[in-house]
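**Q** Supplied structure: work25.pdb, PDB, C-alpha atoms.
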```pdb
ATOM      1  CA  MET A 939    -101.880  60.509 -54.999
ATOM      2  CA  ALA A 940    -101.562  63.422 -57.441
ATOM      3  CA  VAL A 941     -98.528  63.093 -59.694
ATOM      4  CA  ILE A 942     -99.197  66.401 -61.493
ATOM      5  CA  GLU A 943    -100.935  69.352 -59.805
ATOM      6  CA  LEU A 944    -101.663  72.692 -61.478
ATOM      7  CA  GLU A 945    -102.931  75.639 -59.441
ATOM      8  CA  GLY A 946    -103.863  78.718 -61.449
ATOM      9  CA  LEU A 947    -101.006  78.110 -63.886
ATOM     10  CA  THR A 948    -100.726  81.034 -66.294
ATOM     11  CA  LYS A 949     -98.289  81.857 -69.096
ATOM     12  CA  ASP A 950     -98.714  85.297 -70.649
ATOM     13  CA  TYR A 951     -96.476  86.303 -73.553
ATOM     14  CA  GLY A 952     -97.980  89.780 -73.696
ATOM     15  CA  GLU A 953     -99.837  89.564 -76.977
ATOM     16  CA  VAL A 954    -100.731  85.917 -76.393
ATOM     17  CA  LEU A 955    -102.193  84.389 -73.243
ATOM     18  CA  ALA A 956    -101.078  80.824 -73.918
ATOM     19  CA  ASN A 957    -102.226  79.319 -70.582
ATOM     20  CA  ASP A 958    -104.908  81.068 -68.558
ATOM     21  CA  ASP A 959    -105.420  80.081 -64.895
ATOM     22  CA  LEU A 960    -105.163  76.299 -65.391
ATOM     23  CA  SER A 961    -106.029  74.096 -62.380
ATOM     24  CA  PHE A 962    -106.302  70.298 -62.479
ATOM     25  CA  THR A 963    -104.583  67.166 -61.188
ATOM     26  CA  VAL A 964    -103.344  63.917 -62.727
ATOM     27  CA  GLY A 965    -103.437  60.864 -60.502
ATOM     28  CA  GLU A 966    -100.927  58.074 -60.098
ATOM     29  CA  GLY A 967    -101.276  55.248 -62.609
ATOM     30  CA  GLU A 968    -103.650  56.942 -65.044
ATOM     31  CA  ILE A 969    -103.408  58.008 -68.667
ATOM     32  CA  PHE A 970    -104.580  61.598 -68.794
ATOM     33  CA  GLY A 971    -105.411  62.965 -72.216
ATOM     34  CA  TYR A 972    -104.741  66.664 -72.730
ATOM     35  CA  LEU A 973    -106.784  67.667 -75.748
ATOM     36  CA  GLY A 974    -107.271  70.654 -77.945
ATOM     37  CA  PRO A 975    -106.729  71.960 -81.465
ATOM     38  CA  ASN A 976    -103.247  72.778 -82.669
ATOM     39  CA  GLY A 977    -102.125  75.969 -80.972
ATOM     40  CA  ALA A 978    -104.561  75.715 -78.056
ATOM     41  CA  GLY A 979    -101.802  75.870 -75.425
ATOM     42  CA  LYS A 980    -101.023  72.187 -74.821
ATOM     43  CA  THR A 981     -97.293  72.393 -75.537
ATOM     44  CA  THR A 982     -96.936  75.556 -73.435
ATOM     45  CA  THR A 983     -98.393  73.673 -70.468
ATOM     46  CA  ILE A 984     -95.967  70.801 -70.964
ATOM     47  CA  ARG A 985     -92.926  73.036 -71.338
ATOM     48  CA  THR A 986     -93.904  74.913 -68.182
ATOM     49  CA  LEU A 987     -94.360  71.692 -66.210
ATOM     50  CA  LEU A 988     -90.867  70.626 -67.241
ATOM     51  CA  GLY A 989     -89.267  73.933 -66.279
ATOM     52  CA  PHE A 990     -88.452  75.029 -69.831
ATOM     53  CA  LEU A 991     -90.749  78.038 -69.357
ATOM     54  CA  SER A 992     -91.420  80.048 -66.210
ATOM     55  CA  PRO A 993     -95.076  80.637 -65.311
ATOM     56  CA  THR A 994     -96.372  84.189 -65.290
ATOM     57  CA  ALA A 995     -98.650  83.344 -62.374
ATOM     58  CA  GLY A 996     -99.779  80.306 -60.420
ATOM     59  CA  THR A 997     -97.737  77.198 -59.837
ATOM     60  CA  ALA A 998     -97.582  73.452 -60.391
ATOM     61  CA  ARG A 999     -96.032  70.388 -58.779
ATOM     62  CA  VAL A1000     -94.654  67.364 -60.591
ATOM     63  CA  LEU A1001     -94.064  64.206 -58.541
ATOM     64  CA  GLY A1002     -94.463  66.422 -55.488
ATOM     65  CA  TYR A1003     -91.760  68.922 -56.537
ATOM     66  CA  GLU A1004     -92.461  72.605 -57.201
ATOM     67  CA  ILE A1005     -91.710  73.483 -60.826
ATOM     68  CA  THR A1006     -90.296  76.854 -59.735
ATOM     69  CA  ASP A1007     -87.710  75.125 -57.518
ATOM     70  CA  GLU A1008     -84.902  74.441 -59.983
ATOM     71  CA  ARG A1009     -82.984  72.064 -57.713
ATOM     72  CA  ALA A1010     -86.115  70.075 -56.858
ATOM     73  CA  LEU A1011     -87.207  69.882 -60.487
ATOM     74  CA  ILE A1012     -83.819  68.431 -61.485
ATOM     75  CA  GLU A1013     -84.465  65.651 -58.983
ATOM     76  CA  ALA A1014     -87.964  65.099 -60.362
ATOM     77  CA  LYS A1015     -86.683  64.828 -63.932
ATOM     78  CA  ARG A1016     -84.726  61.705 -63.023
ATOM     79  CA  ARG A1017     -88.121  60.003 -62.774
ATOM     80  CA  ILE A1018     -89.694  61.597 -65.848
ATOM     81  CA  GLY A1019     -89.708  60.493 -69.474
ATOM     82  CA  TYR A1020     -90.459  63.211 -72.029
ATOM     83  CA  LEU A1021     -91.210  63.000 -75.740
ATOM     84  CA  PRO A1022     -91.622  66.417 -77.434
ATOM     85  CA  ASP A1023     -93.936  66.925 -80.387
ATOM     86  CA  ASP A1024     -90.943  67.150 -82.759
ATOM     87  CA  PRO A1025     -88.035  65.092 -81.372
ATOM     88  CA  ALA A1026     -84.652  66.474 -82.455
ATOM     89  CA  PHE A1027     -81.459  64.409 -82.411
ATOM     90  CA  ASP A1028     -77.949  65.027 -83.742
ATOM     91  CA  GLU A1029     -78.459  64.143 -87.389
ATOM     92  CA  SER A1030     -74.826  63.118 -87.854
ATOM     93  CA  ALA A1031     -75.104  60.482 -85.097
ATOM     94  CA  THR A1032     -76.445  56.983 -85.525
ATOM     95  CA  GLY A1033     -79.403  55.769 -83.550
ATOM     96  CA  ARG A1034     -77.093  53.578 -81.510
ATOM     97  CA  GLU A1035     -74.920  56.570 -80.586
ATOM     98  CA  ILE A1036     -78.019  58.491 -79.521
ATOM     99  CA  LEU A1037     -79.057  55.651 -77.212
ATOM    100  CA  GLU A1038     -75.567  55.394 -75.734
ATOM    101  CA  LEU A1039     -75.621  59.115 -74.934
ATOM    102  CA  HIS A1040     -79.034  58.888 -73.271
ATOM    103  CA  ALA A1041     -77.913  55.842 -71.290
ATOM    104  CA  GLU A1042     -74.945  57.824 -69.931
ATOM    105  CA  LEU A1043     -77.167  60.764 -68.990
ATOM    106  CA  LYS A1044     -80.101  59.020 -67.328
ATOM    107  CA  GLY A1045     -79.481  55.296 -67.218
ATOM    108  CA  ASP A1046     -80.748  52.349 -69.209
ATOM    109  CA  GLU A1047     -83.108  49.823 -67.690
ATOM    110  CA  ARG A1048     -85.205  48.800 -70.671
ATOM    111  CA  SER A1049     -83.662  49.639 -74.051
ATOM    112  CA  ALA A1050     -83.378  45.995 -75.187
ATOM    113  CA  GLU A1051     -87.103  45.429 -74.627
ATOM    114  CA  LEU A1052     -88.046  48.740 -76.235
ATOM    115  CA  LEU A1053     -85.851  48.201 -79.292
ATOM    116  CA  GLU A1054     -87.526  44.875 -79.921
ATOM    117  CA  LEU A1055     -90.908  46.575 -79.715
ATOM    118  CA  PHE A1056     -90.301  49.765 -81.741
ATOM    119  CA  ASP A1057     -87.273  48.723 -83.873
ATOM    120  CA  PRO A1058     -85.672  52.005 -85.055
ATOM    121  CA  PRO A1059     -82.716  51.459 -87.467
ATOM    122  CA  LEU A1060     -79.850  51.937 -84.993
ATOM    123  CA  ASP A1061     -76.935  51.662 -87.422
ATOM    124  CA  ARG A1062     -78.134  54.451 -89.710
ATOM    125  CA  GLN A1063     -77.505  58.145 -89.174
ATOM    126  CA  VAL A1064     -80.486  60.120 -87.949
ATOM    127  CA  ARG A1065     -80.367  62.299 -91.079
ATOM    128  CA  GLU A1066     -81.465  59.213 -93.011
ATOM    129  CA  TYR A1067     -84.445  58.558 -90.740
ATOM    130  CA  SER A1068     -88.054  59.016 -91.773
ATOM    131  CA  GLN A1069     -90.333  60.916 -89.386
ATOM    132  CA  GLY A1070     -91.671  57.606 -88.139
ATOM    133  CA  ASN A1071     -88.191  56.287 -87.345
ATOM    134  CA  VAL A1072     -87.314  59.485 -85.470
ATOM    135  CA  GLN A1073     -90.489  59.018 -83.452
ATOM    136  CA  LYS A1074     -89.649  55.388 -82.680
ATOM    137  CA  LEU A1075     -86.159  56.355 -81.511
ATOM    138  CA  GLY A1076     -87.774  59.045 -79.376
ATOM    139  CA  LEU A1077     -90.079  56.507 -77.737
ATOM    140  CA  VAL A1078     -87.111  54.321 -76.819
ATOM    141  CA  THR A1079     -85.224  57.245 -75.265
ATOM    142  CA  THR A1080     -88.362  58.314 -73.388
ATOM    143  CA  PHE A1081     -88.966  54.986 -71.639
ATOM    144  CA  MET A1082     -85.462  53.453 -71.451
ATOM    145  CA  HIS A1083     -84.729  54.636 -67.883
ATOM    146  CA  ASP A1084     -88.083  53.238 -66.616
ATOM    147  CA  PRO A1085     -89.657  56.540 -65.501
ATOM    148  CA  ASP A1086     -92.553  56.918 -63.047
ATOM    149  CA  LEU A1087     -94.134  59.734 -65.064
ATOM    150  CA  VAL A1088     -94.162  60.022 -68.853
ATOM    151  CA  ILE A1089     -95.118  63.235 -70.655
ATOM    152  CA  LEU A1090     -95.909  62.705 -74.328
ATOM    153  CA  ASP A1091     -96.603  65.534 -76.781
ATOM    154  CA  GLU A1092     -98.310  64.159 -79.912
ATOM    155  CA  PRO A1093     -96.477  60.817 -79.558
ATOM    156  CA  THR A1094     -97.883  59.057 -82.635
ATOM    157  CA  ASN A1095     -96.719  61.635 -85.193
ATOM    158  CA  GLY A1096     -95.346  59.766 -88.197
ATOM    159  CA  LEU A1097     -96.142  56.266 -86.939
ATOM    160  CA  ASP A1098     -97.875  53.845 -89.284
ATOM    161  CA  PRO A1099    -101.172  52.226 -88.190
ATOM    162  CA  LEU A1100     -99.516  48.989 -87.049
ATOM    163  CA  MET A1101     -96.986  50.864 -84.916
ATOM    164  CA  LYS A1102     -99.738  53.068 -83.479
ATOM    165  CA  GLN A1103    -101.575  49.956 -82.349
ATOM    166  CA  ARG A1104     -98.393  48.499 -80.869
ATOM    167  CA  PHE A1105     -97.731  51.760 -79.042
ATOM    168  CA  ALA A1106    -101.292  51.843 -77.656
ATOM    169  CA  GLU A1107    -100.947  48.332 -76.244
ATOM    170  CA  PHE A1108     -97.579  49.223 -74.733
ATOM    171  CA  LEU A1109     -98.943  52.381 -73.107
ATOM    172  CA  ARG A1110    -101.856  50.512 -71.522
ATOM    173  CA  ASP A1111     -99.382  47.959 -70.127
ATOM    174  CA  GLU A1112     -97.318  50.816 -68.664
ATOM    175  CA  ARG A1113    -100.386  52.208 -66.946
ATOM    176  CA  ASP A1114    -101.140  48.779 -65.504
ATOM    177  CA  ARG A1115     -97.596  48.780 -64.044
ATOM    178  CA  GLY A1116     -98.430  52.033 -62.243
ATOM    179  CA  VAL A1117     -96.778  54.502 -64.629
ATOM    180  CA  THR A1118     -98.562  57.852 -64.955
ATOM    181  CA  VAL A1119     -98.946  59.193 -68.497
ATOM    182  CA  PHE A1120     -99.721  62.788 -69.465
ATOM    183  CA  PHE A1121    -100.708  62.477 -73.083
ATOM    184  CA  SER A1122    -101.155  65.560 -75.270
ATOM    185  CA  SER A1123    -102.977  65.110 -78.549
ATOM    186  CA  HIS A1124    -105.278  66.772 -81.034
ATOM    187  CA  VAL A1125    -106.160  63.365 -82.562
ATOM    188  CA  LEU A1126    -109.264  62.537 -80.564
ATOM    189  CA  SER A1127    -109.600  59.010 -81.930
ATOM    190  CA  GLU A1128    -106.403  58.127 -80.024
ATOM    191  CA  VAL A1129    -108.047  59.214 -76.806
ATOM    192  CA  ARG A1130    -110.799  56.674 -77.289
ATOM    193  CA  ARG A1131    -108.214  53.876 -77.183
ATOM    194  CA  LEU A1132    -105.868  55.177 -74.522
ATOM    195  CA  CYS A1133    -107.097  57.617 -71.923
ATOM    196  CA  ASP A1134    -108.801  57.270 -68.543
ATOM    197  CA  ARG A1135    -109.616  60.957 -68.130
ATOM    198  CA  VAL A1136    -109.327  63.983 -70.395
ATOM    199  CA  GLY A1137    -108.755  67.695 -69.979
ATOM    200  CA  ILE A1138    -109.804  69.901 -72.873
ATOM    201  CA  ILE A1139    -108.070  73.229 -73.487
ATOM    202  CA  ARG A1140    -109.167  75.951 -75.875
ATOM    203  CA  ASP A1141    -107.725  79.457 -76.283
ATOM    204  CA  GLY A1142    -105.421  78.674 -73.366
ATOM    205  CA  ARG A1143    -108.289  78.017 -70.955
ATOM    206  CA  LEU A1144    -109.365  74.697 -69.489
ATOM    207  CA  VAL A1145    -112.840  73.887 -70.764
ATOM    208  CA  THR A1146    -113.490  70.674 -68.860
ATOM    209  CA  VAL A1147    -111.903  67.694 -67.116
ATOM    210  CA  GLU A1148    -113.908  64.486 -67.211
ATOM    211  CA  PRO A1149    -113.654  60.689 -67.557
ATOM    212  CA  VAL A1150    -113.233  59.550 -71.140
ATOM    213  CA  ASP A1151    -116.438  57.489 -70.814
ATOM    214  CA  THR A1152    -118.354  60.713 -70.199
ATOM    215  CA  LEU A1153    -116.821  62.230 -73.312
ATOM    216  CA  LEU A1154    -117.814  59.163 -75.304
ATOM    217  CA  ASP A1155    -121.383  59.312 -73.982
ATOM    218  CA  ARG A1156    -121.591  62.964 -74.932
ATOM    219  CA  SER A1157    -120.370  62.227 -78.439
ATOM    220  CA  GLY A1158    -123.572  60.343 -79.204
ATOM    221  CA  LYS A1159    -124.260  58.157 -82.211
ATOM    222  CA  VAL A1160    -124.342  58.684 -85.945
ATOM    223  CA  VAL A1161    -127.741  57.558 -87.237
ATOM    224  CA  ARG A1162    -128.351  56.746 -90.892
ATOM    225  CA  LEU A1163    -131.768  55.623 -92.029
ATOM    226  CA  HIS A1164    -133.527  54.867 -95.299
ATOM    227  CA  ALA A1165    -137.299  55.077 -95.482
ATOM    228  CA  SER A1166    -139.751  54.173 -98.197
ATOM    229  CA  ASP A1167    -141.288  57.653 -97.860
ATOM    230  CA  PRO A1168    -139.693  60.959 -96.830
ATOM    231  CA  ILE A1169    -139.697  61.646 -93.100
ATOM    232  CA  PRO A1170    -140.673  65.264 -92.298
ATOM    233  CA  ARG A1171    -137.834  67.247 -90.722
ATOM    234  CA  GLU A1172    -140.030  68.269 -87.798
ATOM    235  CA  ILE A1173    -140.263  64.614 -86.727
ATOM    236  CA  LEU A1174    -136.501  64.553 -86.250
ATOM    237  CA  GLU A1175    -135.951  68.073 -84.969
ATOM    238  CA  PHE A1176    -136.003  67.458 -81.225
ATOM    239  CA  GLU A1177    -133.556  67.489 -78.324
ATOM    240  CA  GLY A1178    -130.488  65.332 -78.929
ATOM    241  CA  VAL A1179    -130.498  65.573 -82.737
ATOM    242  CA  TYR A1180    -127.596  67.427 -84.363
ATOM    243  CA  ASP A1181    -126.345  67.994 -87.908
ATOM    244  CA  LEU A1182    -129.522  66.688 -89.516
ATOM    245  CA  GLU A1183    -129.204  66.080 -93.242
ATOM    246  CA  THR A1184    -132.007  64.732 -95.428
ATOM    247  CA  THR A1185    -132.257  63.757 -99.083
ATOM    248  CA  GLU A1186    -135.300  63.302-101.287
ATOM    249  CA  ARG A1187    -136.194  60.034-102.935
ATOM    250  CA  ASP A1188    -133.516  58.527-105.136
ATOM    251  CA  GLU A1189    -134.133  56.594-108.333
ATOM    252  CA  ASN A1190    -135.269  53.625-106.237
ATOM    253  CA  GLY A1191    -137.859  55.649-104.365
ATOM    254  CA  VAL A1192    -135.911  55.773-101.090
ATOM    255  CA  ALA A1193    -135.465  58.765 -98.747
ATOM    256  CA  GLU A1194    -132.376  59.092 -96.535
ATOM    257  CA  CYS A1195    -131.615  60.911 -93.279
ATOM    258  CA  THR A1196    -128.292  61.254 -91.467
ATOM    259  CA  PHE A1197    -127.715  62.921 -88.089
ATOM    260  CA  THR A1198    -125.915  62.695 -84.779
ATOM    261  CA  PHE A1199    -128.056  61.660 -81.815
ATOM    262  CA  THR A1200    -127.142  62.049 -78.133
ATOM    263  CA  GLY A1201    -130.478  61.079 -76.626
ATOM    264  CA  ASP A1202    -132.327  57.854 -75.803
ATOM    265  CA  VAL A1203    -132.479  55.575 -78.844
ATOM    266  CA  ASN A1204    -135.841  54.212 -77.678
ATOM    267  CA  VAL A1205    -137.331  57.718 -77.866
ATOM    268  CA  LEU A1206    -135.992  58.044 -81.417
ATOM    269  CA  LEU A1207    -137.478  54.715 -82.480
ATOM    270  CA  GLU A1208    -140.833  55.672 -80.977
ATOM    271  CA  ARG A1209    -140.944  58.812 -83.112
ATOM    272  CA  LEU A1210    -140.210  56.728 -86.212
ATOM    273  CA  ARG A1211    -142.651  53.918 -85.533
ATOM    274  CA  SER A1212    -145.235  55.124 -88.082
ATOM    275  CA  TYR A1213    -142.700  55.141 -90.922
ATOM    276  CA  VAL A1214    -141.516  52.171 -92.954
ATOM    277  CA  LEU A1215    -137.758  51.919 -92.527
ATOM    278  CA  LEU A1216    -135.806  49.995 -95.132
ATOM    279  CA  ASP A1217    -132.481  50.331 -93.320
ATOM    280  CA  LEU A1218    -131.248  51.795 -90.039
ATOM    281  CA  SER A1219    -127.654  51.996 -88.763
ATOM    282  CA  ILE A1220    -126.443  53.467 -85.468
ATOM    283  CA  GLU A1221    -122.692  53.962 -85.016
ATOM    284  CA  GLU A1222    -120.430  55.772 -82.560
ATOM    285  CA  ALA A1223    -119.802  59.388 -83.580
ATOM    286  CA  PRO A1224    -116.242  60.563 -84.269
ATOM    287  CA  LEU A1225    -114.807  62.411 -81.281
ATOM    288  CA  GLU A1226    -113.690  65.169 -83.635
ATOM    289  CA  ASP A1227    -117.380  65.986 -84.107
ATOM    290  CA  VAL A1228    -118.145  66.133 -80.398
ATOM    291  CA  PHE A1229    -115.169  68.416 -79.828
ATOM    292  CA  MET A1230    -116.443  70.847 -82.444
ATOM    293  CA  ARG A1231    -120.036  70.638 -81.182
ATOM    294  CA  PHE A1232    -119.585  70.947 -77.435
ATOM    295  CA  TYR A1233    -116.215  72.621 -76.955
ATOM    296  CA  GLY A1234    -115.853  74.884 -79.955
ATOM    297  CA  GLY A1235    -113.614  74.685 -82.996
ATOM    298  CA  GLY A1236    -111.366  76.647 -85.251
ATOM    299  CA  ASP A1237    -107.729  77.565 -84.892
ATOM    300  CA  ASP A1238    -106.719  78.605 -81.416
ATOM    301  CA  VAL A1239    -103.850  80.713 -80.135
TER     302      VAL A1239
END
```
Translate the structure of the given file into structure tokens.
**A**
Amino acid sequence: MAVIELEGLTKDYGEVLANDDLSFTVGEGEIFGYLGPNGAGKTTTIRTLLGFLSPTAGTARVLGYEITDERALIEAKRRIGYLPDDPAFDESATGREILELHAELKGDERSAELLELFDPPLDRQVREYSQGNVQKLGLVTTFMHDPDLVILDEPTNGLDPLMKQRFAEFLRDERDRGVTVFFSSHVLSEVRRLCDRVGIIRDGRLVTVEPVDTLLDRSGKVVRLHASDPIPREILEFEGVYDLETTERDENGVAECTFTFTGDVNVLLERLRSYVLLDLSIEEAPLEDVFMRFYGGGDDV
């Protein structure tokens, strides 16, 4: 069952085409990563799905409800949790007062559990919160009514590494319970830990939708090798080798090569068999690199 469906969704501001003919679906019980550089159009998509913006063309359905049907979308929002990229609360209120307000508006099924997990300082005013504490309060308000669909826009902003890990474990548990998560991020390393499938947007257009395993396979490996003698560049300049960097012998008489490799490692080793290798390491490439290599880079509109 599709929980989110986009059909030709377009948002044109005149000078800026923020979303251009977007079509994809998000299935029930999956974590869908929506990726792209800052400014690529991710937040515009989210705000349109939630009815904050009206599409210029095309349409979308959320939990089976048309986003252009205001009455239907109000009904859908009872089952949606939403965390914006920059959560804003009344700074004169305490965290506890914020939670009480949200409980009155949408109910409270899980705040005790969530407070134990994320632990924002409830008795302090929001104006005294760090960015991380604002984010933790936002996570509690997002999940406290036990939604069926959660839409998260850069949800780990301001969180420390320990809290990021705790959040990742929590989100995987939510998916296992059947909750659908639409997860917008430009931090591709988070996607490695969290997502089942990814959609990549650039300049407002959808570049690809694919399983995260496919993205990881495409990212290749970072290869670093030390040889007793220099290895000619032409030996390593073949299909699957990217970003090749070589250095001459150092003071110990060792030559070094570093590159990203997306091909068959056995083919690589066969090409190197006539050279004496002193050290060879093969590690997973950062997803930031694969995004730049295969999907383009730079600042997007």
**Q** To test your reading of the syntax: which residues would the PyMOL selection byres ((chain A and resi 1148-1155) around 10) return for the file shown? Reply as a ChimeraX atom specification.
**A** /A:970-971,1129-1138,1146-1147,1156-1159,1200-1201,1222-1225,1228-1229
**Q** Calculated over all atoms listed in the file, which of the candidates A:Leu1090, A:Val1192, A:Leu955, A:Leu988 has the smallest distance to Gln1073 in chain A?
**A**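 When distances to Gln1073 in chain A are compared using all atoms listed in the file, the smallest one comes from A:Leu1090.
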**Q** Name all residues at most 10 Å from range 1105-1109 of chain A (count all atoms listed in the file; drop same-chain ones fewer than 2 positions away) and give them as a ChimeraX atom specification.
**A** /A:969,1052,1055-1056,1074,1077,1088,1093-1094,1097,1099-1103,1111-1115,1117-1119,1128,1131-1133
**Q** Create the file for the chosen residues now, containing C-alpha atoms and written as a compact mmCIF listing (two decimals), in the coordinates of the input.
**A**
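And here's part11.txt as it stands now:
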```txt
# COMPACT_ATOMS: atom_id res chain seq x y z
CA ILE A 969 -103.41 58.01 -68.67
CA LEU A 1052 -88.05 48.74 -76.24
CA LEU A 1055 -90.91 46.58 -79.72
CA PHE A 1056 -90.30 49.76 -81.74
CA LYS A 1074 -89.65 55.39 -82.68
CA LEU A 1077 -90.08 56.51 -77.74
CA VAL A 1088 -94.16 60.02 -68.85
CA PRO A 1093 -96.48 60.82 -79.56
CA THR A 1094 -97.88 59.06 -82.64
CA LEU A 1097 -96.14 56.27 -86.94
CA PRO A 1099 -101.17 52.23 -88.19
CA LEU A 1100 -99.52 48.99 -87.05
CA MET A 1101 -96.99 50.86 -84.92
CA LYS A 1102 -99.74 53.07 -83.48
CA GLN A 1103 -101.58 49.96 -82.35
CA ASP A 1111 -99.38 47.96 -70.13
CA GLU A 1112 -97.32 50.82 -68.66
CA ARG A 1113 -100.39 52.21 -66.95
CA ASP A 1114 -101.14 48.78 -65.50
CA ARG A 1115 -97.60 48.78 -64.04
CA VAL A 1117 -96.78 54.50 -64.63
CA THR A 1118 -98.56 57.85 -64.96
CA VAL A 1119 -98.95 59.19 -68.50
CA GLU A 1128 -106.40 58.13 -80.02
CA ARG A 1131 -108.21 53.88 -77.18
CA LEU A 1132 -105.87 55.18 -74.52
CA CYS A 1133 -107.10 57.62 -71.92
```
**Q** Could you name the residues that touch range 1172-1180 of chain A at 10 Å or less, counting only C-alpha atoms, but leaving out those on the same chain fewer than 5 positions away, as a list of chain:residue names?
**A**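 That gives A:Gly1158, A:Lys1159, A:Val1160, A:Val1161, A:Cys1195, A:Thr1196, A:Phe1197, A:Thr1198, A:Phe1199, A:Thr1200, A:Gly1201, A:Asp1202, A:Val1203, A:Leu1206, A:Arg1209, A:Leu1210, A:Arg1231.
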**Q** So that I have them on file, write out the residues from the current selection with C-alpha atoms, as a tab-separated table (two decimals), keeping the file's coordinate frame.
**A**
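File part07.tsv, as written:
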```tsv
chain	number	residue	atom	x	y	z
A	1158	GLY	CA	-123.57	60.34	-79.20
A	1159	LYS	CA	-124.26	58.16	-82.21
A	1160	VAL	CA	-124.34	58.68	-85.94
A	1161	VAL	CA	-127.74	57.56	-87.24
A	1195	CYS	CA	-131.62	60.91	-93.28
A	1196	THR	CA	-128.29	61.25	-91.47
A	1197	PHE	CA	-127.72	62.92	-88.09
A	1198	THR	CA	-125.92	62.70	-84.78
A	1199	PHE	CA	-128.06	61.66	-81.82
A	1200	THR	CA	-127.14	62.05	-78.13
A	1201	GLY	CA	-130.48	61.08	-76.63
A	1202	ASP	CA	-132.33	57.85	-75.80
A	1203	VAL	CA	-132.48	55.58	-78.84
A	1206	LEU	CA	-135.99	58.04	-81.42
A	1209	ARG	CA	-140.94	58.81	-83.11
A	1210	LEU	CA	-140.21	56.73	-86.21
A	1231	ARG	CA	-120.04	70.64	-81.18
```
**Q** Using all atoms listed in the file, which of the listed residues (A:Asp1167, A:Thr997, A:Val1205, A:Ser1122) sits closest to Ala1193 in chain A?
**A** A:Asp1167
